Each structure stands twice: as structure tokens, then as C-alpha cells.
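Student: Take a look at this one; I'll ask things after.
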Number of protein chains: 2
Amino acid sequence: MKLLANNGKMINDTASLWQCCEIVFDLLSLGITSPDSNEFWCIFSLGDNMKKVPAFARDKDKIAVRFMPQSSGEWQWSFYSADSDNAKFSGSFKCTGPEHGNHGPVSVHDKYHFAYADGSIYRPFGTTSYGWIHQPEAITRQTLQSLKDSPFNKIRMCVLPHYSKWSEEHTEFFPFIKQGDSWDYSSFDYRYFDRLDELVLSLQKLGVEADLILFHPYSDKWAFDKMPAEADDRYVEYVTRRYAAYSNVWWSLANEYDLLKEKTLADWDRFGIIIAAEDPYGHLCSNHNYIEFYDYSLEEMTHCCIQDGLAVSENGRAVMLRNAWHKPVIYDEVCYEGNFDARWGDLDDIELTHRFWEGIAGGTYVGHGEVCAAKGHSDDEVWTGIGGKLRGSSKNRIAFLRELLEAGPECGLEPIDRWWYTNIVGVPGKYYLFYFGRTSPGEIPFHFPARDLDLVDGTKFRADIIDTLDMQIIPVPGEFSSCKRNNYEYGDENGRTISLPEKPYLALRIEVIQ
Amino acid sequence: MKLLANNGKMINDTASLWQCCEIVFDLLSLGITSPDSNEFWCIFSLGDNMKKVPAFARDKDKIAVRFMPQSSGEWQWSFYSADSDNAKFSGSFKCTGPEHGNHGPVSVHDKYHFAYADGSIYRPFGTTSYGWIHQPEAITRQTLQSLKDSPFNKIRMCVLPHYSKWSEEHTEFFPFIKQGDSWDYSSFDYRYFDRLDELVLSLQKLGVEADLILFHPYSDKWAFDKMPAEADDRYVEYVTRRYAAYSNVWWSLANEYDLLKEKTLADWDRFGIIIAAEDPYGHLCSNHNYIEFYDYSLEEMTHCCIQDGLAVSENGRAVMLRNAWHKPVIYDEVCYEGNFDARWGDLDDIELTHRFWEGIAGGTYVGHGEVCAAKGHSDDEVWTGIGGKLRGSSKNRIAFLRELLEAGPECGLEPIDRWWYTNIVGVPGKYYLFYFGRTSPGEIPFHFPARDLDLVDGTKFRADIIDTLDMQIIPVPGEFSSCKRNNYEYGDENGRTISLPEKPYLALRIEVIQ
């Protein structure tokens, strides 16, 4: 975070691209006593690029405007209040190139995939820890370390506190101030959000996207799932204004929205509309279901954030939903690696890894969750509940998958001829990734689909067998020479085959030799 | 069709429920020369129930209004023209109960299923014959006979002529009059639509729904896929006004809409809006894709009419799309039974039957198509092209499935605990249909899912093994006595098992003993 100006006085006159910048005013200096931030806003401009950014209550005696510059150069800012057409304060700052490691916000790319603002591809390898930000300092530090050591580059996390017996004992701050026995929804506890500021920034430095969950049904006696609509809307507006300037923020209207029984579909639609209105940068926005998928055809939904225990368990299912809404699909919840009795929390590391592969083989993405309870600890103290240590081992094989994709083409992998070859993604004529899942096909002919492809016979390819469990890449000796077999398929002109080991969970990579 | 009145004079003063009724006027009697039907309409009323029904050009010297009464009793009608607030003609008729076999129009029922207006369940078992209405009389008669002898209760059929070499030689009439070398899109050839009238009525008498395809890409030199937007809209309006009063009509904006390259998504959306505006009865309406699914979240889309060669080929896929739009799904095209070289036309009867079963096991429905070319005949002369004789044999096993469902509960079968048991549909606690597809599970414990179910232990069930290939129902001797095994499953209290024969394509039916 970069403090640009305080009470109209410039503090810093430079910022870097996609950095969260702040301009702060004491209420006193504005001649007011209560922070009705709706009365104040800034206009930021650079050439034709102009953004109006509304203020929010930064503390009990402060308001602030946060801004994320999206282009380099000399930005002008002017601060306005509703009672005058003239700017109350103004200034300028120079936006330089990005800080090392900040690629800018992620948005939809190539219809079904994602990219950073600097154009580099972003492949979501997300995990889930609902309550990690509400834990004691030592645990949040451990969570950040775990993320650093993991393949995960996105985390689903609740903005509102996530109830459990453990959380009840350990939660220090709440988003609202208590008046007697009940929350005063009009009084934010700024300490709560100060902490979230810090943690979102820590994630940004790690290259991890913060998929902020605005509502969730795990509130129990805290009852944040049952606030009145007016309080909901004020809260959504507040969070959007406060966090939109962080480059690594995504919006998730809810976790398991259809379990928040007090809310109607119209409420969810309204939250999406508020976010779209208050976020000047159009960060990614979705909604996560329990059973009933949300309506991803809504304009405000940039992608599909889906819970489905079925979608990536077997071959050929993942792609079905991708085609439903013509938007990127992240199967953000597909059951968890863990040792719970509940069937949603008992996957072993092999099964969760398999599900990641099935997602990729369908042109989609998959999210991780972990409920490995340690001996002598409660079921509340697991990664997906509170963060801390990642005890499962799917993360290693998921890291192997991520590296494999990073070594491939700099784009999303698309299903090739999806009705007929349900396990092949890639880039026609250049790169193919086959995933064989639970099957052991043994010896197979060298082949790939002919759809949308007009390749000169004799084009040379190499192949590697991928052992997804042992995390090995086994080159197939020699080259293959393509030849069109029929309308549907290319093969090798000498009829060469590939012998796969007699085991499941294998993949095959075929790459053109340039 | 019932002619109620001619030139304002009542011809019949009774009609039956859901019957297509017509009121006709000579242009001469209206004092006009050209049939600008937009200037004329009827108001039909019975108590609070009032419908405004616009006229259409019935012949070069006639306009007509068609009406389908949706309740019994004494209906009043008044005929208006735009040049006066006063009715030009009026009359009344008595609507009696329905004719034998007419259950009224089909609409969506129980969210994912269908029912007739009289409340009885309608389970779509559709087939496809694009060009059957454009064939010589002997072939259309044979088509109707084939339908009568088949399990099919819906047919997808093109309103506009379906081009093939065969059709070029055999098509007698076209929807428009030719002026020199080109169609005059403002002049309908009424003989073409008179014939369609007859055939839609013939289908109604057979209990077959006419799924009218408004546009298709198989037009070749006739170029009806490339009409100007104004002609498209006039045609859609005309067809809707002329056919909406038939109880058995469904609207399908297109076959393979995404292959009509001249049209944009906005065109399709507009056609849906025209139909909704012009159809006073809200007949079922959908759109059929080649590769890209249409946006079924649109209000005008009552259900999903999907082509997908993948969706019902293996277990657990069909249900995915059902949950995408929360509307009924009919996989109307899943490749055809046939002997074509093309991979979309080479399913054997076993595979197509299997796909019907997979659809039902996912809480969805499947459509039939057949391209069995006979020796000495061209590929054009197949059922799905021109109708005639059904040469394939999947129809027999599909009939067996239909009968099996008709012997079950009078409602749609719902997936039971869909993430975990991908092959069980039914009614919790009462009726379960398992489909094992390509697997041969051998001996299995008696079981069914516990989700949403609170059943007294000791409830008695019987079971039948269904051989979907040999079309046999093999009762399992004795009874089963339910007992809750865990949160997820009921079993038999004596641990009884069921031995399935060692073969694929089996199903299992479990029914409570009342």
C-alpha cells in the first residue's frame, strides 16, 4: 500500500503499476464529524483514462480513497465532496512500472482461461481456507509460509468470520462493533479490516490471488448470514471500495450461497450489481454453490466458481459445464483431501490429484481443500478451516501438474474435438496432453485428433509419458512422423505405437518438434 | 381443425378443449384487396379469461384467426380491425371436453419434467425427421404409420424445406412464391402451409408432438438460411400465428443454430421474443445447437434442446447440464443409429438404447435419429432425412424403456443424491431405478441412498432386474426389509444381496411394497 496524500498534502509522488494507493483525510480537516463517505470521491485521470473512485470510512475519524493505477505516467487526482462542484484538493503522482512480481489483476482470457494484466497467462491452482485471516498471528504467519511452499496461487477466504468452536475461542476482532448483545451493522470495527488489508497485501507479495468470499452460511450464533438487506448492501459496498484497489482481489459473492436460507436470488443478483458499480477495475467476480449452480449467464459473473463432487471424478464430465455458459470454469470445490468421516472430506492425495487432472483434461480448473485433522487436535483445526500447516500430500503432485503446464504453451489448453476424445487437451498441431485417468490403456497407436487441423504429412513430433503419481516424465525414444489417417485422426506414418506402463493415472504429452 | 365462422357467419357453435379452431374472412367481405393481417385480430373471452389473437394471411384472398380454447364453457369472440374501436363481427361457441386422446399442450412440470395441460405426465421420447413433410404423399403416409408403430411421441421437423439431392427432385411446393429466379419472401405459397396444417393435425391424432424447427442450415441453393432479417421476422410471425393454436406444437428456433453463419445471437434472441409475443398459449420453446449451446437462461427458453455426442455416452454426464440452467433437458441429438461412415451416424441399436438409458439415469430425456441407408438407395433416403420406414431396431428397446417408465410413478424420475450415486433416479423411499450401463457389477448389496429420506426401518421393498437388451423384467424372489446403514445409505436388515447376471446394460428397479 502506498500512501499518496494525507489531508490533501502529497506524501509520495510516485507509485508503481497496479499498486494499491491511498489518499486519506481526517474528518476534522473536512469539517465533518461522521464519516458519510458517500459524500466524497476522487477523480483520477491520465490522458483519456479517467476513473471516479468513491471514498470509504477508513477509521472512526478518517475517510480514504484507494486507487490502483492501470497505466504508467503522470496521474492527476482531484478530491470532491457532494456540496461543491470544485475540487477540494488535488495533486499528481507518477506511476512507474510494476513492482517485481506484480503482473496486475487477473481477468478472463481466450474465453475459457485467465491472464494477468501484463499479458502473462494465469492458471488458477487455488486452495481454500475459510477462516485463516481470523486466527492468531502465529497461525496466519504459518498459513502464509505454507502457501509460499505450495503450488497454490489463489485462496478462497471468508471476509466475515468463519464460525467453529475453535474460532469462537480465538477470534479477536469482528467486522462490526457490538452494542450490548447485538452488532451495530453501521459501525465497522476498523481493526478487523486493517488486518485484512495487511493479509491481502501479504498474499499479493506471494503471488496469490485473494478470492474474497463476501457471505457464507457458517456463522452460527454470530449470525452474519442473517443481517438485514440494508446492512448486507452497506457491507458489500464497503468491502468493494476498500479492497478493489488491490491487484490480487477476486470477488466471490458467497460460499455455498444456496445454504444462506434467508437470502433470495434477487439478493445475490443485487450484490453482483453493487460490486460491478463500486469496483472501477472489473475484478473477477463469481458465486459458489452448495447444490444449485448460480446463474453464470449474468453479466456480472465473469467466470463459474462451482462446487460439484461429480464434475471431475470421471472423464468427460468437466467439459460439460464449460460449454453451458461459455465462460471459464473453476471447480473450486470437488471434495477435500482429508481424514474426515464425512464423504466430502475423505479423499486421498491420489484421488484429489486425479480430479485436478480431470479438470485440466476438460479445459477447466480445479481447487484444493484439505481437512486432515492431526492427532490430539479438533476437526476445526484443519487447513480449510483455519489455515496453518498443509498436512496432506496432494500438493506435491498438484505442483508437478502446475510445472508441467508451465513448461507447455503459454495459453490455456483447449479440449480437442471434445465429443469424441474426452481426454485430450492442447493446441492443434502443436501440443497435446492426454490424460488416461483410472484406465491403463497399455500399448496405444501414436495419434491425435484431426479436427480443425490441416497439417503437412511428415511433421515431426516427440512424446513423453507422464507418471502423475510418481511425478516422472519419461521420454518416448525417437520421433513420430504425422500422417492423416482419416477425417478424424492423425497417426504416425510408420504406424509407431507407444507402450504405456501397466498402471493408472498416466498422461501423455505430444509436442511438435519445431 | 374446426371452422367456427366464415365471413362473420357462424358455421359451428361447438368446439372441443384444445382443438384448433378457425375463423375465416374473405378479403372482399372486409373491403380490402391485400391481406395485411396485422390490421385484424380477434378477442376471445370466457369469464376473466381473455386472449387477443392476431390474424394471418390464410390464402391469397383470405385472412384467418386460429384459436385453441383452454377452458370449457361458452366463449365469446369479436373481430376487430385497426380502423375502428368497434367489433366488425362477433359470435360465440361452446367449448366441450377434449376429444379422445387430446391431453392439451405440454408444458414444463416439476422443474425438470413435462406434463400435458390435463395434468398427465408427458415423457418425451422424440425422434427426428427433418424433411418428412416435404415428401411425396406415399412417403408421408408411411412416416405417419411408422410413428404410429413406434414409441416416439415427438418429432423434430423442419418447417422450411430440407435440402438434399433427393429433396430437390421430389419437392413440390415451397414456402414462398418464386419471382423469376428468386423467392418473393413477402408472398407465402399457401399450399405449402395447408399441407403442414394437415400433417401437424395428423401428428396430434397420433399423440405425437410436432417440434417445429423454424430455421436450419441445410438449405443449399434454396438459401432459406440466408433470408434478410425482415423476411425472417415475417416468417417467424406467420408460422407462430398459424400454428400456435395446435395443441401439439413446440417451437424450436433452429436445428444447429450455430451453423447458420449469417445470423447473430441477437437474431436468435429476437426470434424467441417474436414467438413469445405472438403465441398466446406459451408453447414450449427452445433452440438446438451444433457445438455451442444456446443461452437457455433466457426467459423465452422453456427447456434445453441439446445436441451433444458426449452427454449420454457414459455415466454421470447427463445430469451436469440439467443443473446448469435449472430447466428440463432433452438431449435431442446424441448421434444416430445408422450405417453411415460419418461417426455421428454409425451407432448400433444397443448404443443408442444405452444413451436413452443414460439420459433417464441423469433425470433428463433423449431423442432418436436414424440414418440406416437401404441397399440401392441413396444416403438421402433415410428416416432422419425424409421419414418413411424406420429400419433400425433401437426403437424396440426404446419402447421397452418407455413402457417401463409408464409402469412406474406418475412423475419424472429425479437423480437421488446425484454427486455420489450417478446411476440412480426415482422417488425417495418409493421407487428407484438403477442403470449399470457398460459395467457388470455382479452381486451387489440391496441398497439405496439415504439423502432427504427418513424411512422407518423394516419398510418392505421388492426388486426386479431389468435386462435392457433382451427386454426382460426378472423379479428378484422375496422381499427386502430396509434398514439405515449410515448417513448416506439404506440397506437390507438381513444383509440380502442381489445377483445380477454377468452382462452389461442391466438396470435394477426397487419399489416399496404398499
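Identifiers in the C-alpha cells: chain A, B, ... in order shown; residue index from 1 per chain; ligand index from 1 in order shown.
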Restrict the distance test to only C-alpha atoms, flag each residue of chain A within 10 Å of chain B, and return the flagged residues as a count of residues only.
Tutor: 37
Student: Which residues come within 6 Å of B:Lys94, counting only C-alpha atoms, excluding same-chain residues fewer than 6 positions away, as an mmCIF file with N, CA and C atoms, in the first residue's frame?
Tutor:
data_model
loop_
_atom_site.group_PDB
_atom_site.id
_atom_site.type_symbol
_atom_site.label_atom_id
_atom_site.label_comp_id
_atom_site.auth_asym_id
_atom_site.auth_seq_id
_atom_site.Cartn_x
_atom_site.Cartn_y
_atom_site.Cartn_z
ATOM 1 N N THR B 14 -69.873 -25.280 -31.636
ATOM 2 C CA THR B 14 -69.178 -26.046 -30.585
ATOM 3 C C THR B 14 -67.749 -26.343 -31.035
ATOM 4 N N GLY B 73 -66.650 -24.167 -21.744
ATOM 5 C CA GLY B 73 -67.675 -23.169 -21.436
ATOM 6 C C GLY B 73 -68.016 -22.373 -22.681
ATOM 7 N N GLU B 74 -68.741 -21.317 -22.511
ATOM 8 C CA GLU B 74 -69.242 -20.511 -23.628
ATOM 9 C C GLU B 74 -68.250 -19.381 -23.927
#
Student: Which residue out of B:Met50, B:Val108, B:Ile177, B:Ala15 has the minimum interatomic distance to B:Thr302 when only C-alpha atoms are used?
Tutor: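 Of B:Met50, B:Val108, B:Ile177, B:Ala15, the one nearest B:Thr302, counting only C-alpha atoms, is B:Val108.
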Student: A:Ser481, A:Ser90, A:Thr33, A:Thr140: which is nearest A:Trp77, counting only C-alpha atoms?
Tutor: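 Nearest to A:Trp77: A:Ser90.
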Student: I'd like to know which of A:Lys327, A:His216, A:Arg509, A:Arg397 is closest to A:Ala361, using only C-alpha atoms.
Tutor: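 Among the listed residues, the smallest separation from A:Ala361 belongs to A:Arg509.
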